[in-house]
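Each remark here refers to the structure printed beneath this line.
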Amino acid sequence: MNEALVVVVRSLIGFFTLLIFARMLGKQQISQLTFFDYVLGITIGSIASSLSVDLTSRAWPHWIGLATWTAAVFALQFISFKDKRAYRYLAGEPAIIMINGQIMEDTMRKLRYTTSDLLEQLRDKDVFDLNRVGFAVLETNGKLSVLLKPEYQPVTPSDLNIASSNGGLSNELIFNGMVIEENLAKAGVDRIWLEQQLRSQGISSSDDVFLAVYDANSGNLYIDRYNDNLS
């Protein structure tokens with residue numbers, strides 16, 4: 001068989017195998033992956049790439065290796081879900097890096113977490129004055145969670161005894177020129193109301209609208225046309 005055709009067939013096998021295994025393992029944001037999860041992902045991807053282009057060996061052993069690694073990850077996920085101690089061993093535990101503006105040097109040394117890392121992540125949280133930090137916790141995924149001291153925390157409506165409504169979700173009423181009837185009902189409006197709103201902005205048809213989003217809490221309707229008329 002032609003080498004190019006072999007690569008195509010093996011690549012398709014690897015692609016759909018990874019797709020199925022990824023579905024089995026569930027969804028998790030990249031930012032939530034632990035270092036161990038990250039290394040496992042790289043290893044599984046490396047096996048899949050070998051399955052695709054390593055023509056010096058048969059595809060079957062690579063596929064078995066891919067299935068074995070995926071099964072091991074699935075088993076670890078199951079064990080971690082059932083046993084809290086196993087989860088702490090595999091994923092680690094959050095560590096307190098700062099308390100009341102004071103840096104925990106011993107903790108940072110154990111975690112091999114540098115001062116530069118700390119300052120960088122504090123700046124990423126818009127914290128430039130270390131005296132304002134009440135607690136800083138290094139999560140298992142490497143992200144830093146910061147709780148400011150009470151006197152530096154933002155004021156909320158409840159602090160001022162101001163009543164506020166629940167934000168809720170916005171509804172897409174028009175997408176790519178198509179009116180979404182289901183979302184009209186969810187937003188508590190009808191097509192007649194929508195057409196009136198469009199005419200009030202000089203739009204004769206929903207076909208001219210790229211996106212229309214309605215916020216039921218504020219009553220605001222956001223409309224973006226295909227022709228933005230920008231100079």
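Letters A, B, ... go to the chains of the structure tokens in the order shown; residues in each chain start at 1; ligands are counted from 1 in the same order.
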
Legend entry - Selection near Gly134 in chain A, 9 Å with only C-alpha atoms, sequence-local residues under 4 positions removed, as a ChimeraX atom specification: /A:98-102,146-150

Legend entry - Selection near Leu55 in chain A, 9 Å with only C-alpha atoms, sequence-local residues under 3 positions removed, as a PyMOL selection string: chain A and resi 3+6-7+50-52+58-59

Legend entry - Residue nearest Gly92 in chain A - candidates A:Asn141, A:Phe128, A:Val53, A:Trp63, atoms counted: only C-alpha atoms: A:Asn141

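Secondary structure from DSSP on the backbone puts helix (DSSP H, G or I) at the following positions of range 86-130 of chain A: A:Ala86, A:Tyr87, A:Arg88, A:Tyr89, A:Leu90, A:Ala91, A:Glu105, A:Asp106, A:Thr107, A:Met108, A:Arg109, A:Lys110, A:Leu111, A:Thr115, A:Ser116, A:Asp117, A:Leu118, A:Leu119, A:Glu120, A:Gln121, A:Leu122, A:Arg123, A:Asp124, A:Leu130.
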
Inset, instruction - For Leu221 in chain A, list every protein, DNA or RNA residue within 10 Å, evaluated using only C-alpha atoms, and leave out those in the same chain fewer than 6 positions away; present the list as a ChimeraX atom specification. - result: /A:170-173,194,197-198,212-215

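Put simply, CA of Gly45 in chain A is 18.2 Å away from CA of Leu76 in chain A.
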
Legend entry - Within 12 Å of His62 in chain A using only C-alpha atoms, minus same-chain residues under 6 positions, as a list in words: Arg10, Ser11, Ile13, Gly14, Thr17, Ile44, Gly45, Ser46, Ile47, Ala48, Ser49, Ser50, Leu51, Ser52, Val53, Asp54, Leu55, Thr56, Thr68 and Trp69 of chain A

Export of prior selection with N, CA and C atoms as a JSON list (two decimals), in the first residue's frame:
[["chain", "number", "residue", "atom", "x", "y", "z"],
["A", 10, "ARG", "N", -3.91, 5.51, 9.06],
["A", 10, "ARG", "CA", -3.49, 5.43, 10.46],
["A", 10, "ARG", "C", -3.81, 6.74, 11.20],
["A", 11, "SER", "N", -3.70, 7.87, 10.51],
["A", 11, "SER", "CA", -4.04, 9.15, 11.14],
["A", 11, "SER", "C", -5.53, 9.20, 11.48],
["A", 13, "ILE", "N", -7.43, 6.65, 12.08],
["A", 13, "ILE", "CA", -7.63, 5.74, 13.21],
["A", 13, "ILE", "C", -7.25, 6.44, 14.51],
["A", 14, "GLY", "N", -6.07, 7.09, 14.52],
["A", 14, "GLY", "CA", -5.63, 7.81, 15.72],
["A", 14, "GLY", "C", -6.56, 8.94, 16.09],
["A", 17, "THR", "N", -9.85, 7.58, 17.45],
["A", 17, "THR", "CA", -9.59, 6.94, 18.73],
["A", 17, "THR", "C", -9.44, 7.98, 19.83],
["A", 44, "ILE", "N", -0.22, 10.81, 25.78],
["A", 44, "ILE", "CA", -1.25, 10.21, 24.94],
["A", 44, "ILE", "C", -1.19, 10.80, 23.53],
["A", 45, "GLY", "N", -0.98, 12.12, 23.44],
["A", 45, "GLY", "CA", -0.86, 12.74, 22.12],
["A", 45, "GLY", "C", 0.37, 12.25, 21.37],
["A", 46, "SER", "N", 1.47, 12.00, 22.10],
["A", 46, "SER", "CA", 2.68, 11.49, 21.46],
["A", 46, "SER", "C", 2.46, 10.08, 20.90],
["A", 47, "ILE", "N", 1.74, 9.26, 21.65],
["A", 47, "ILE", "CA", 1.45, 7.90, 21.17],
["A", 47, "ILE", "C", 0.58, 7.97, 19.92],
["A", 48, "ALA", "N", -0.40, 8.88, 19.91],
["A", 48, "ALA", "CA", -1.27, 9.02, 18.74],
["A", 48, "ALA", "C", -0.48, 9.48, 17.52],
["A", 49, "SER", "N", 0.48, 10.38, 17.73],
["A", 49, "SER", "CA", 1.29, 10.84, 16.59],
["A", 49, "SER", "C", 2.17, 9.71, 16.05],
["A", 50, "SER", "N", 2.70, 8.87, 16.94],
["A", 50, "SER", "CA", 3.49, 7.72, 16.50],
["A", 50, "SER", "C", 2.63, 6.74, 15.71],
["A", 51, "LEU", "N", 1.39, 6.57, 16.17],
["A", 51, "LEU", "CA", 0.46, 5.71, 15.46],
["A", 51, "LEU", "C", 0.24, 6.19, 14.03],
["A", 52, "SER", "N", 0.28, 7.52, 13.85],
["A", 52, "SER", "CA", -0.01, 8.09, 12.53],
["A", 52, "SER", "C", 1.16, 7.96, 11.55],
["A", 53, "VAL", "N", 2.37, 8.26, 12.01],
["A", 53, "VAL", "CA", 3.48, 8.42, 11.05],
["A", 53, "VAL", "C", 4.62, 7.44, 11.21],
["A", 54, "ASP", "N", 4.64, 6.65, 12.26],
["A", 54, "ASP", "CA", 5.73, 5.69, 12.45],
["A", 54, "ASP", "C", 5.42, 4.43, 11.63],
["A", 55, "LEU", "N", 5.88, 4.43, 10.41],
["A", 55, "LEU", "CA", 5.59, 3.31, 9.51],
["A", 55, "LEU", "C", 6.54, 2.15, 9.69],
["A", 56, "THR", "N", 7.53, 2.29, 10.57],
["A", 56, "THR", "CA", 8.47, 1.19, 10.80],
["A", 56, "THR", "C", 7.88, 0.13, 11.72],
["A", 68, "THR", "N", -4.23, 1.68, 26.62],
["A", 68, "THR", "CA", -3.75, 1.40, 27.98],
["A", 68, "THR", "C", -3.58, 2.69, 28.77],
["A", 69, "TRP", "N", -2.95, 3.70, 28.17],
["A", 69, "TRP", "CA", -2.77, 4.98, 28.85],
["A", 69, "TRP", "C", -4.11, 5.63, 29.17]]

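Near Asp224 in chain A, within a cut-off of 10 Å and counting only C-alpha atoms, sit the residues Ile174, Phe175, Asp208, Val209, Phe210, Leu211, Ala212 and Val213 of chain A, with same-chain residues fewer than 6 positions away left out.
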
What are the DSSP strand (DSSP E) residues of range 44-231 of chain A, as a PDB file with C-alpha atoms, in the first residue's frame?
ATOM      1  CA  ALA A  95      -1.112  25.762  49.636  1.00  0.00           C
ATOM      2  CA  ILE A  96      -1.300  29.095  51.456  1.00  0.00           C
ATOM      3  CA  ILE A  97       1.460  31.345  50.115  1.00  0.00           C
ATOM      4  CA  MET A  98       0.603  34.603  51.903  1.00  0.00           C
ATOM      5  CA  ILE A  99      -1.197  35.474  55.149  1.00  0.00           C
ATOM      6  CA  GLN A 102       3.336  38.041  54.937  1.00  0.00           C
ATOM      7  CA  ILE A 103       4.983  35.604  52.516  1.00  0.00           C
ATOM      8  CA  VAL A 133      -3.264  40.680  50.540  1.00  0.00           C
ATOM      9  CA  GLY A 134      -5.215  38.845  53.230  1.00  0.00           C
ATOM     10  CA  PHE A 135      -4.650  35.351  51.840  1.00  0.00           C
ATOM     11  CA  ALA A 136      -2.965  34.055  48.685  1.00  0.00           C
ATOM     12  CA  VAL A 137      -3.536  30.381  47.896  1.00  0.00           C
ATOM     13  CA  LEU A 138      -1.658  28.435  45.227  1.00  0.00           C
ATOM     14  CA  LEU A 144      -3.078  31.836  42.455  1.00  0.00           C
ATOM     15  CA  SER A 145      -6.280  32.729  44.316  1.00  0.00           C
ATOM     16  CA  VAL A 146      -6.136  36.023  46.197  1.00  0.00           C
ATOM     17  CA  LEU A 147      -8.372  37.331  48.995  1.00  0.00           C
ATOM     18  CA  LEU A 148      -7.765  40.962  49.835  1.00  0.00           C
ATOM     19  CA  ASN A 171     -30.785  35.315  25.093  1.00  0.00           C
ATOM     20  CA  GLU A 172     -29.715  35.285  21.455  1.00  0.00           C
ATOM     21  CA  LEU A 173     -32.825  36.295  19.519  1.00  0.00           C
ATOM     22  CA  ILE A 174     -31.206  36.525  16.075  1.00  0.00           C
ATOM     23  CA  PHE A 175     -28.118  34.637  14.929  1.00  0.00           C
ATOM     24  CA  MET A 178     -32.174  33.672  11.651  1.00  0.00           C
ATOM     25  CA  VAL A 179     -34.739  34.374  14.374  1.00  0.00           C
ATOM     26  CA  VAL A 209     -28.875  41.348  11.489  1.00  0.00           C
ATOM     27  CA  PHE A 210     -25.787  39.320  12.312  1.00  0.00           C
ATOM     28  CA  LEU A 211     -26.526  39.041  16.045  1.00  0.00           C
ATOM     29  CA  ALA A 212     -29.266  40.270  18.389  1.00  0.00           C
ATOM     30  CA  VAL A 213     -29.009  39.564  22.125  1.00  0.00           C
ATOM     31  CA  TYR A 214     -31.683  40.507  24.672  1.00  0.00           C
ATOM     32  CA  ASP A 215     -31.031  41.027  28.391  1.00  0.00           C
ATOM     33  CA  ASN A 220     -31.541  46.121  26.639  1.00  0.00           C
ATOM     34  CA  LEU A 221     -31.444  44.694  23.139  1.00  0.00           C
ATOM     35  CA  TYR A 222     -28.000  44.498  21.522  1.00  0.00           C
ATOM     36  CA  ILE A 223     -28.059  44.469  17.723  1.00  0.00           C
ATOM     37  CA  ASP A 224     -25.123  43.983  15.377  1.00  0.00           C
ATOM     38  CA  ARG A 225     -25.789  44.376  11.648  1.00  0.00           C
TER      39      ARG A 225
END

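Rounded to one decimal, CA of Val8 in chain A and CA of Ile42 in chain A lie 21.7 Å from each other.
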
Legend entry - Counting only C-alpha atoms, the option among A:Glu120, A:Met104, A:Asn227, A:Lys186 closest to Ile203 in chain A: A:Asn227

Legend entry - Asp190 in chain A surroundings by only C-alpha atoms, 10 Å radius, close-in-sequence under 5 positions cut, as a ChimeraX atom specification: /A:173,181,183-185,195

Take the residues from that selection and put them in a file with N, CA and C atoms, as a CSV table (one decimal), in the first residue's frame.
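Output file part-v9.csv follows:
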chain,number,residue,atom,x,y,z
A,173,LEU,N,-31.5,36.3,20.2
A,173,LEU,CA,-32.8,36.3,19.5
A,173,LEU,C,-32.6,36.1,18.0
A,181,GLU,N,-36.8,31.2,17.6
A,181,GLU,CA,-38.1,31.2,18.2
A,181,GLU,C,-38.1,30.8,19.6
A,183,ASN,N,-35.8,31.0,21.8
A,183,ASN,CA,-35.2,32.0,22.7
A,183,ASN,C,-36.1,33.2,22.9
A,184,LEU,N,-37.0,33.4,21.9
A,184,LEU,CA,-38.0,34.5,22.1
A,184,LEU,C,-38.9,34.1,23.3
A,185,ALA,N,-39.3,32.9,23.3
A,185,ALA,CA,-40.2,32.4,24.4
A,185,ALA,C,-39.5,32.5,25.8
A,195,GLU,N,-39.8,42.7,15.8
A,195,GLU,CA,-39.8,43.4,14.6
A,195,GLU,C,-40.0,44.9,14.9
